[in-house]
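Visitor: First the structure, then my questions, so here it is.
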2 protein chains.
Amino acid sequence: MSLEHSTDHDHVHLGNVFSATCPCRDLLDVVASKWSALAIGALLGGRMRFGELQRHLDGISPKVLTSTLRKLEDYGIVDREVFAEVPLRVEYTLTPLGHEAGVPLEALRVWAESQLEHAQRTEAARALV
Amino acid sequence: MSLEHSTDHDHVHLGNVFSATCPCRDLLDVVASKWSALAIGALLGGRMRFGELQRHLDGISPKVLTSTLRKLEDYGIVDREVFAEVPLRVEYTLTPLGHEAGVPLEALRVWAESQLEHAQRTEAARALV
DNA sequence: ATAGTTACTTTCCTTAGGAAAGCAAGAATA
DNA sequence: TATTCTTGCTTTCCTAAGGAAAGTAACTAT
């Protein structure tokens, strides 16, 4: 209840996403996207290879998957491991930061899935226009 | 623990965001974006006029704000009210659905803001390349 | 007649998203 | 030896979305 004593569990608010120049705005931008949310969601289940991710994220092109994973890697959300085998094996995992981001993203995913009926209704509404 | 008896509190999983053709994929796409997250976050504080939102969402152009709000309106996440005054007044509010979406989005925002240090580190790392 | 207010729209340009095809590096097969 | 197969990409091309700047409509106040 008190703001006076903070513990290790408290996340200190250093930034403001509403400010255009705050670095945390970029972080939000990277994470708040359809493909990032799905990639992180998939990786919550454990490490995955490029091809596995591509099959899991139905409809993604290899180009977009690459750029999505690279951006997440740049921001320390996923980790990329290359195994010099033949055929080549590349595995992606979530970093601790990625796991943290995964919690609200998972909740968003669950929410979206639970709203199917509503989505169908609005789709029908738009079809009438 | 059991999946046998569901109550009114249970959200039924009707969809799968990982499937490209599932309507809930579109819903996720609309909501999982920088500007949508910020607009919904701002509106969690109560109704707002167009100009207020524009000032609150630092860096957004009126064109992008309009298209963001229109999309959210189409999906039943925000409500738009026009008051025939002079000068014109238009107010935006969250629908119940919007409030639901706001919960995980707020958590994502808080997470992004708490990770400022990390964002600065990665920014510094990229600057070295 | 001019300026001010609000909520946009329009134009133009750049960036991101998406489909399709190509590529590199070996291993296995014919 | 040549072809095929696998994986993890990259490249090219095109369209859609994002962003900056200026313009517009409608009415009030000066």
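Scheme for the structure tokens: letters A, B, ... for chains in order shown; per-chain residue numbers from 1; ligand numbers from 1 in order shown.
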Report the closest atom pair, with its distance in Å rounded to one decimal, for each residue of chain B that has an atom no farther than 10 Å from chain D; count only C-alpha atoms (C1' of nucleotides), sort by chain and then rising residue number, and write it as a tab-separated table.
Guide:
```
residue	atom	partner	partner_atom	distance
B:Gly59	CA	D:DG19	C1'	9.4
B:Ile60	CA	D:DG19	C1'	8.3
B:Ser61	CA	D:DG19	C1'	7.0
B:Lys63	CA	D:DG19	C1'	8.8
B:Val64	CA	D:DG18	C1'	7.4
B:Glu85	CA	D:DC27	C1'	9.0
B:Val86	CA	D:DC27	C1'	6.0
B:Pro87	CA	D:DC27	C1'	6.9
B:Leu88	CA	D:DA26	C1'	8.5
```
Visitor: For the selection just defined, write its residues with N, CA, C and O atoms to a file, as a compact mmCIF listing (two decimals), in the first residue's frame.
Guide:
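Dumped everything to selection-v5.txt:
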```
# COMPACT_ATOMS: atom_id res chain seq x y z
N GLY B 59 3.73 12.36 -30.36
CA GLY B 59 4.36 11.98 -31.62
C GLY B 59 3.40 11.41 -32.67
O GLY B 59 3.80 11.18 -33.80
N ILE B 60 2.13 11.21 -32.29
CA ILE B 60 1.18 10.66 -33.26
C ILE B 60 0.67 11.78 -34.16
O ILE B 60 0.48 12.91 -33.71
N SER B 61 0.48 11.46 -35.43
CA SER B 61 -0.07 12.44 -36.36
C SER B 61 -1.58 12.28 -36.36
O SER B 61 -2.11 11.21 -36.06
N LYS B 63 -3.58 11.97 -38.73
CA LYS B 63 -3.99 10.93 -39.69
C LYS B 63 -3.92 9.54 -39.06
O LYS B 63 -4.86 8.76 -39.18
N VAL B 64 -2.80 9.25 -38.41
CA VAL B 64 -2.61 7.93 -37.80
C VAL B 64 -3.54 7.76 -36.61
O VAL B 64 -4.09 6.67 -36.40
N GLU B 85 -21.49 20.70 -31.35
CA GLU B 85 -21.24 22.00 -30.74
C GLU B 85 -20.29 22.77 -31.64
O GLU B 85 -19.77 22.25 -32.61
N VAL B 86 -20.04 24.00 -31.23
CA VAL B 86 -19.02 24.78 -31.93
C VAL B 86 -18.08 25.36 -30.90
O VAL B 86 -18.52 26.04 -30.00
N PRO B 87 -16.80 25.03 -31.01
CA PRO B 87 -16.24 24.10 -32.01
C PRO B 87 -16.65 22.66 -31.74
O PRO B 87 -16.98 22.30 -30.61
N LEU B 88 -16.58 21.86 -32.79
CA LEU B 88 -17.00 20.47 -32.73
C LEU B 88 -16.32 19.73 -31.58
O LEU B 88 -15.14 19.96 -31.29
```
Visitor: Compute the chain B side of the contact with chain A at 7 Å, counting only C-alpha atoms, and hand it back as JSON, numbers by chain.
Guide: {"B": [11, 12, 13, 14, 15, 16, 17, 18, 19, 20, 23, 24, 27, 28, 29, 32, 33, 34, 38, 56, 57, 58, 59, 74, 75, 101, 104, 105, 107, 108, 109, 111, 112, 113, 114, 115, 116, 119, 120, 122]}
Visitor: Using N, CA and C atoms, can you export the residues from the last selection as a short mmCIF file (atom, residue, chain, number, x, y, z; two decimals), in the first residue's frame?
Guide:
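Saved to result.cif:
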```
data_model
loop_
_atom_site.label_atom_id
_atom_site.label_comp_id
_atom_site.auth_asym_id
_atom_site.auth_seq_id
_atom_site.Cartn_x
_atom_site.Cartn_y
_atom_site.Cartn_z
N HIS B 11 -13.52 -18.11 -19.66
CA HIS B 11 -13.55 -17.65 -21.04
C HIS B 11 -13.37 -18.87 -21.92
N VAL B 12 -14.34 -19.12 -22.75
CA VAL B 12 -14.27 -20.30 -23.60
C VAL B 12 -13.30 -20.01 -24.75
N HIS B 13 -12.41 -20.95 -24.99
CA HIS B 13 -11.45 -20.83 -26.08
C HIS B 13 -12.07 -21.29 -27.37
N LEU B 14 -12.52 -20.36 -28.17
CA LEU B 14 -13.16 -20.73 -29.42
C LEU B 14 -12.19 -20.65 -30.58
N GLY B 15 -11.09 -19.91 -30.41
CA GLY B 15 -10.21 -19.66 -31.53
C GLY B 15 -8.78 -20.01 -31.25
N ASN B 16 -7.97 -19.78 -32.27
CA ASN B 16 -6.54 -20.04 -32.18
C ASN B 16 -5.82 -18.96 -32.99
N VAL B 17 -5.20 -18.05 -32.27
CA VAL B 17 -4.51 -16.94 -32.96
C VAL B 17 -3.38 -17.40 -33.87
N PHE B 18 -2.89 -18.61 -33.64
CA PHE B 18 -1.80 -19.12 -34.48
C PHE B 18 -2.29 -19.52 -35.87
N SER B 19 -3.60 -19.69 -35.99
CA SER B 19 -4.17 -20.01 -37.29
C SER B 19 -4.45 -18.73 -38.08
N ALA B 20 -3.95 -18.69 -39.30
CA ALA B 20 -4.03 -17.47 -40.12
C ALA B 20 -5.47 -17.08 -40.45
N PRO B 23 -10.63 -15.57 -37.12
CA PRO B 23 -10.95 -14.15 -36.98
C PRO B 23 -10.25 -13.50 -35.78
N CYS B 24 -9.94 -14.29 -34.77
CA CYS B 24 -9.29 -13.72 -33.60
C CYS B 24 -7.87 -13.25 -33.93
N LEU B 27 -8.23 -9.64 -34.66
CA LEU B 27 -8.43 -8.91 -33.41
C LEU B 27 -7.09 -8.67 -32.72
N LEU B 28 -6.26 -9.69 -32.70
CA LEU B 28 -4.93 -9.57 -32.10
C LEU B 28 -4.12 -8.53 -32.86
N ASP B 29 -4.23 -8.57 -34.19
CA ASP B 29 -3.46 -7.64 -35.03
C ASP B 29 -3.83 -6.19 -34.75
N ALA B 32 -2.62 -5.47 -30.94
CA ALA B 32 -1.18 -5.59 -30.69
C ALA B 32 -0.42 -4.64 -31.61
N SER B 33 -0.51 -3.37 -31.31
CA SER B 33 0.25 -2.35 -32.04
C SER B 33 0.55 -1.21 -31.07
N LYS B 34 1.65 -0.56 -31.30
CA LYS B 34 2.10 0.54 -30.46
C LYS B 34 0.98 1.56 -30.19
N LEU B 38 -1.28 2.34 -26.77
CA LEU B 38 -1.21 3.64 -26.10
C LEU B 38 -2.58 4.31 -26.04
N HIS B 56 -1.78 13.50 -25.68
CA HIS B 56 -1.35 12.44 -24.77
C HIS B 56 -0.41 11.45 -25.46
N LEU B 57 -0.74 11.08 -26.70
CA LEU B 57 0.06 10.11 -27.45
C LEU B 57 1.12 10.87 -28.22
N ASP B 58 2.12 11.27 -27.50
CA ASP B 58 3.21 12.10 -28.01
C ASP B 58 3.79 11.55 -29.31
N GLY B 59 3.73 12.36 -30.36
CA GLY B 59 4.36 11.98 -31.62
C GLY B 59 3.40 11.41 -32.67
N ASP B 74 -14.20 -0.03 -35.21
CA ASP B 74 -14.72 -1.12 -36.04
C ASP B 74 -14.77 -2.43 -35.26
N TYR B 75 -13.78 -2.63 -34.41
CA TYR B 75 -13.72 -3.89 -33.67
C TYR B 75 -14.41 -3.81 -32.31
N ALA B 101 -9.48 -5.67 -22.91
CA ALA B 101 -8.20 -5.66 -23.64
C ALA B 101 -7.18 -4.80 -22.91
N PRO B 104 -4.35 -6.63 -20.10
CA PRO B 104 -3.02 -7.10 -20.51
C PRO B 104 -2.17 -6.02 -21.17
N LEU B 105 -2.81 -5.09 -21.86
CA LEU B 105 -2.04 -4.02 -22.52
C LEU B 105 -1.39 -3.10 -21.48
N ALA B 107 -0.48 -4.05 -18.53
CA ALA B 107 0.63 -4.84 -17.98
C ALA B 107 1.84 -4.77 -18.91
N LEU B 108 1.58 -4.81 -20.19
CA LEU B 108 2.67 -4.74 -21.17
C LEU B 108 3.35 -3.38 -21.11
N ARG B 109 2.55 -2.33 -20.97
CA ARG B 109 3.06 -0.97 -20.88
C ARG B 109 3.95 -0.82 -19.64
N TRP B 111 5.46 -3.15 -18.03
CA TRP B 111 6.68 -3.94 -18.25
C TRP B 111 7.69 -3.15 -19.08
N ALA B 112 7.21 -2.57 -20.19
CA ALA B 112 8.10 -1.81 -21.07
C ALA B 112 8.76 -0.66 -20.32
N GLU B 113 7.98 0.01 -19.50
CA GLU B 113 8.51 1.16 -18.76
C GLU B 113 9.53 0.73 -17.71
N SER B 114 9.32 -0.44 -17.14
CA SER B 114 10.23 -0.92 -16.10
C SER B 114 11.54 -1.43 -16.69
N GLN B 115 11.56 -1.63 -18.01
CA GLN B 115 12.76 -2.18 -18.65
C GLN B 115 13.62 -1.11 -19.29
N LEU B 116 13.44 0.13 -18.88
CA LEU B 116 14.17 1.24 -19.49
C LEU B 116 15.67 0.98 -19.54
N ALA B 119 16.62 -1.33 -22.26
CA ALA B 119 16.47 -0.70 -23.57
C ALA B 119 17.67 0.20 -23.85
N GLN B 120 18.12 0.92 -22.83
CA GLN B 120 19.26 1.81 -23.02
C GLN B 120 20.52 1.00 -23.31
N THR B 122 20.71 -2.00 -24.77
CA THR B 122 20.68 -2.54 -26.13
C THR B 122 20.90 -1.42 -27.14
#
```
Visitor: Mind listing as a ChimeraX atom specification which residues of chain C are within 8 Å of chain B, counting only C-alpha atoms (C1' of nucleotides)?
Guide: /C:5-9
Visitor: Let me see the file: selected residues, N, CA, C and O atoms (P, O5', C5', C4', C3', O3' and C1' of nucleotides), as a short mmCIF file (atom, residue, chain, number, x, y, z; two decimals), in the first residue's frame.
Guide:
```cif
data_model
loop_
_atom_site.label_atom_id
_atom_site.label_comp_id
_atom_site.auth_asym_id
_atom_site.auth_seq_id
_atom_site.Cartn_x
_atom_site.Cartn_y
_atom_site.Cartn_z
P DT C 5 -7.05 29.57 -30.55
"O5'" DT C 5 -8.18 28.46 -30.64
"C5'" DT C 5 -9.47 28.71 -30.11
"C4'" DT C 5 -10.39 27.57 -30.51
"C3'" DT C 5 -9.69 26.23 -30.51
"O3'" DT C 5 -10.22 25.39 -29.50
"C1'" DT C 5 -10.99 26.57 -32.52
P DT C 6 -9.47 23.99 -29.14
"O5'" DT C 6 -10.22 22.92 -30.06
"C5'" DT C 6 -11.65 22.82 -29.98
"C4'" DT C 6 -12.14 21.91 -31.08
"C3'" DT C 6 -11.40 20.59 -31.18
"O3'" DT C 6 -12.32 19.53 -31.01
"C1'" DT C 6 -11.59 21.62 -33.31
P DA C 7 -11.84 18.01 -30.76
"O5'" DA C 7 -11.98 17.44 -32.23
"C5'" DA C 7 -13.25 17.47 -32.89
"C4'" DA C 7 -13.07 17.07 -34.33
"C3'" DA C 7 -12.25 15.78 -34.54
"O3'" DA C 7 -12.89 14.95 -35.50
"C1'" DA C 7 -11.38 17.49 -35.84
P DC C 8 -12.64 13.37 -35.47
"O5'" DC C 8 -11.14 13.23 -35.94
"C5'" DC C 8 -10.65 13.00 -37.25
"C4'" DC C 8 -11.09 14.01 -38.28
"C3'" DC C 8 -10.63 13.60 -39.67
"O3'" DC C 8 -11.74 13.12 -40.43
"C1'" DC C 8 -10.10 15.89 -39.20
P DT C 9 -11.34 12.03 -41.57
"O5'" DT C 9 -10.74 12.93 -42.75
"C5'" DT C 9 -11.58 13.85 -43.45
"C4'" DT C 9 -10.78 14.53 -44.55
"C3'" DT C 9 -10.17 13.58 -45.59
"O3'" DT C 9 -10.45 14.14 -46.87
"C1'" DT C 9 -8.47 14.96 -44.66
#
```
Visitor: Could you find all residues in region 29-64 of chain B that DSSP calls alpha helix (DSSP H) from the backbone, and write them as a ChimeraX atom specification?
Guide: /B:29-31,34-43,50-56,62-64
Visitor: Write a file of the just-selected residues containing C-alpha atoms, as a CSV table (one decimal), in the first residue's frame.
Guide:
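Done, and the output landed in part36.csv:
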```
chain,number,residue,atom,x,y,z
B,29,ASP,CA,-3.5,-7.6,-35.0
B,30,VAL,CA,-5.6,-4.6,-34.3
B,31,VAL,CA,-4.8,-4.5,-30.6
B,34,LYS,CA,2.1,0.5,-30.5
B,35,TRP,CA,-0.6,3.2,-31.1
B,36,SER,CA,-3.5,0.9,-30.2
B,37,ALA,CA,-1.9,0.0,-26.9
B,38,LEU,CA,-1.2,3.6,-26.1
B,39,ALA,CA,-4.7,4.8,-27.1
B,40,ILE,CA,-6.4,2.1,-25.1
B,41,GLY,CA,-4.0,2.9,-22.2
B,42,ALA,CA,-4.9,6.6,-22.3
B,43,LEU,CA,-8.6,5.8,-22.5
B,50,PHE,CA,-9.5,13.8,-30.2
B,51,GLY,CA,-7.1,16.6,-29.3
B,52,GLU,CA,-6.5,15.3,-25.8
B,53,LEU,CA,-5.6,11.9,-27.2
B,54,GLN,CA,-3.3,13.6,-29.7
B,55,ARG,CA,-1.5,15.5,-27.0
B,56,HIS,CA,-1.3,12.4,-24.8
B,62,PRO,CA,-3.8,13.2,-36.7
B,63,LYS,CA,-4.0,10.9,-39.7
B,64,VAL,CA,-2.6,7.9,-37.8
```
Visitor: Calculate how many Å separate CA of Arg80 (chain A) from CA of Leu94 (chain A), rounding to one decimal.
Guide: 9.1 Å
Visitor: DSSP on the backbone: what in region 2-96 of chain B comes out strand (DSSP E), as a list in words?
Guide: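 Residues meeting the strand (DSSP E) criterion: Met48, Arg49, Val78, Asp79, Arg80, Glu81, Val82, Phe83, Arg89, Val90, Glu91, Tyr92, Thr93 and Leu94 of chain B.
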Visitor: Could you save the residues just selected, with all heavy atoms, as a short mmCIF file (atom, residue, chain, number, x, y, z; two decimals), in the first residue's frame?
Guide:
```
data_model
loop_
_atom_site.label_atom_id
_atom_site.label_comp_id
_atom_site.auth_asym_id
_atom_site.auth_seq_id
_atom_site.Cartn_x
_atom_site.Cartn_y
_atom_site.Cartn_z
N MET B 48 -11.97 10.76 -23.56
CA MET B 48 -11.04 11.78 -24.04
C MET B 48 -11.48 12.29 -25.40
O MET B 48 -12.03 11.55 -26.21
CB MET B 48 -9.64 11.19 -24.17
CG MET B 48 -8.84 11.22 -22.89
SD MET B 48 -7.15 10.76 -23.25
CE MET B 48 -6.33 11.43 -21.82
N ARG B 49 -11.14 13.56 -25.63
CA ARG B 49 -11.42 14.16 -26.94
C ARG B 49 -10.26 13.85 -27.88
O ARG B 49 -9.18 13.46 -27.45
CB ARG B 49 -11.57 15.67 -26.79
CG ARG B 49 -12.68 16.05 -25.84
CD ARG B 49 -12.80 17.54 -25.72
NE ARG B 49 -13.10 18.16 -27.01
CZ ARG B 49 -13.55 19.41 -27.14
NH1 ARG B 49 -13.73 20.15 -26.05
NH2 ARG B 49 -13.79 19.91 -28.31
N VAL B 78 -13.41 0.78 -28.95
CA VAL B 78 -13.70 2.13 -28.48
C VAL B 78 -15.03 2.60 -29.05
O VAL B 78 -15.52 2.10 -30.07
CB VAL B 78 -12.59 3.17 -28.83
CG1 VAL B 78 -11.21 2.70 -28.42
CG2 VAL B 78 -12.62 3.52 -30.29
N ASP B 79 -15.59 3.57 -28.37
CA ASP B 79 -16.86 4.15 -28.78
C ASP B 79 -16.60 5.61 -29.12
O ASP B 79 -15.84 6.29 -28.42
CB ASP B 79 -17.86 4.04 -27.62
CG ASP B 79 -19.27 4.26 -28.10
OD1 ASP B 79 -19.64 3.68 -29.13
OD2 ASP B 79 -20.00 5.02 -27.43
N ARG B 80 -17.22 6.11 -30.18
CA ARG B 80 -17.01 7.47 -30.66
C ARG B 80 -18.32 8.24 -30.54
O ARG B 80 -19.35 7.80 -31.05
CB ARG B 80 -16.55 7.44 -32.11
CG ARG B 80 -16.27 8.79 -32.73
CD ARG B 80 -15.71 8.58 -34.13
NE ARG B 80 -15.37 9.83 -34.77
CZ ARG B 80 -16.19 10.50 -35.59
NH1 ARG B 80 -17.38 10.02 -35.85
NH2 ARG B 80 -15.81 11.64 -36.13
N GLU B 81 -18.26 9.38 -29.84
CA GLU B 81 -19.46 10.20 -29.68
C GLU B 81 -19.21 11.60 -30.23
O GLU B 81 -18.24 12.26 -29.84
CB GLU B 81 -19.82 10.32 -28.20
CG GLU B 81 -20.69 9.20 -27.67
CD GLU B 81 -21.06 9.48 -26.21
OE1 GLU B 81 -20.21 9.22 -25.33
OE2 GLU B 81 -22.18 9.99 -25.97
N VAL B 82 -20.10 12.04 -31.08
CA VAL B 82 -19.96 13.37 -31.68
C VAL B 82 -20.97 14.31 -31.02
O VAL B 82 -22.15 13.98 -30.93
CB VAL B 82 -20.21 13.33 -33.19
CG1 VAL B 82 -20.00 14.71 -33.80
CG2 VAL B 82 -19.32 12.30 -33.86
N PHE B 83 -20.49 15.46 -30.57
CA PHE B 83 -21.37 16.47 -30.00
C PHE B 83 -21.43 17.65 -30.96
O PHE B 83 -20.39 18.26 -31.25
CB PHE B 83 -20.86 16.91 -28.63
CG PHE B 83 -20.83 15.79 -27.63
CD1 PHE B 83 -19.73 14.94 -27.54
CD2 PHE B 83 -21.92 15.56 -26.79
CE1 PHE B 83 -19.72 13.90 -26.62
CE2 PHE B 83 -21.91 14.52 -25.87
CZ PHE B 83 -20.81 13.68 -25.79
N ARG B 89 -17.07 18.85 -30.92
CA ARG B 89 -16.49 18.03 -29.86
C ARG B 89 -16.74 16.57 -30.17
O ARG B 89 -17.88 16.18 -30.45
CB ARG B 89 -17.12 18.41 -28.51
CG ARG B 89 -16.60 17.60 -27.34
CD ARG B 89 -16.88 18.27 -25.99
NE ARG B 89 -18.31 18.52 -25.80
CZ ARG B 89 -19.08 17.82 -24.95
NH1 ARG B 89 -18.56 16.85 -24.23
NH2 ARG B 89 -20.36 18.09 -24.82
N VAL B 90 -15.68 15.78 -30.16
CA VAL B 90 -15.79 14.33 -30.38
C VAL B 90 -15.10 13.65 -29.21
O VAL B 90 -13.95 13.95 -28.92
CB VAL B 90 -15.13 13.91 -31.71
CG1 VAL B 90 -15.24 12.41 -31.91
CG2 VAL B 90 -15.76 14.65 -32.88
N GLU B 91 -15.82 12.75 -28.55
CA GLU B 91 -15.25 12.06 -27.40
C GLU B 91 -15.14 10.57 -27.65
O GLU B 91 -16.02 9.96 -28.27
CB GLU B 91 -16.08 12.33 -26.14
CG GLU B 91 -15.95 13.77 -25.68
CD GLU B 91 -16.56 13.98 -24.31
OE1 GLU B 91 -17.32 13.12 -23.83
OE2 GLU B 91 -16.27 15.03 -23.70
N TYR B 92 -14.05 10.02 -27.16
CA TYR B 92 -13.79 8.58 -27.30
C TYR B 92 -13.78 7.92 -25.93
O TYR B 92 -13.22 8.47 -24.98
CB TYR B 92 -12.46 8.36 -28.01
CG TYR B 92 -12.46 8.87 -29.43
CD1 TYR B 92 -12.08 10.18 -29.73
CD2 TYR B 92 -12.86 8.04 -30.47
CE1 TYR B 92 -12.11 10.65 -31.04
CE2 TYR B 92 -12.88 8.50 -31.78
CZ TYR B 92 -12.50 9.81 -32.06
OH TYR B 92 -12.53 10.27 -33.34
N THR B 93 -14.40 6.75 -25.87
CA THR B 93 -14.41 5.98 -24.62
C THR B 93 -14.12 4.52 -24.93
O THR B 93 -14.30 4.08 -26.06
CB THR B 93 -15.78 6.04 -23.91
OG1 THR B 93 -16.80 5.78 -24.88
CG2 THR B 93 -16.02 7.39 -23.28
N LEU B 94 -13.71 3.78 -23.91
CA LEU B 94 -13.53 2.34 -24.08
C LEU B 94 -14.86 1.64 -23.89
O LEU B 94 -15.63 1.98 -22.99
CB LEU B 94 -12.54 1.80 -23.04
CG LEU B 94 -11.06 2.09 -23.24
CD1 LEU B 94 -10.26 1.40 -22.14
CD2 LEU B 94 -10.59 1.66 -24.60
#
```
Visitor: Quick one: pull the distance between CA of Thr68 (chain B) and CA of Thr95 (chain B), Å, one decimal.
Guide: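 Separating CA of Thr68 (chain B) from CA of Thr95 (chain B) is a distance of 15.3 Å.
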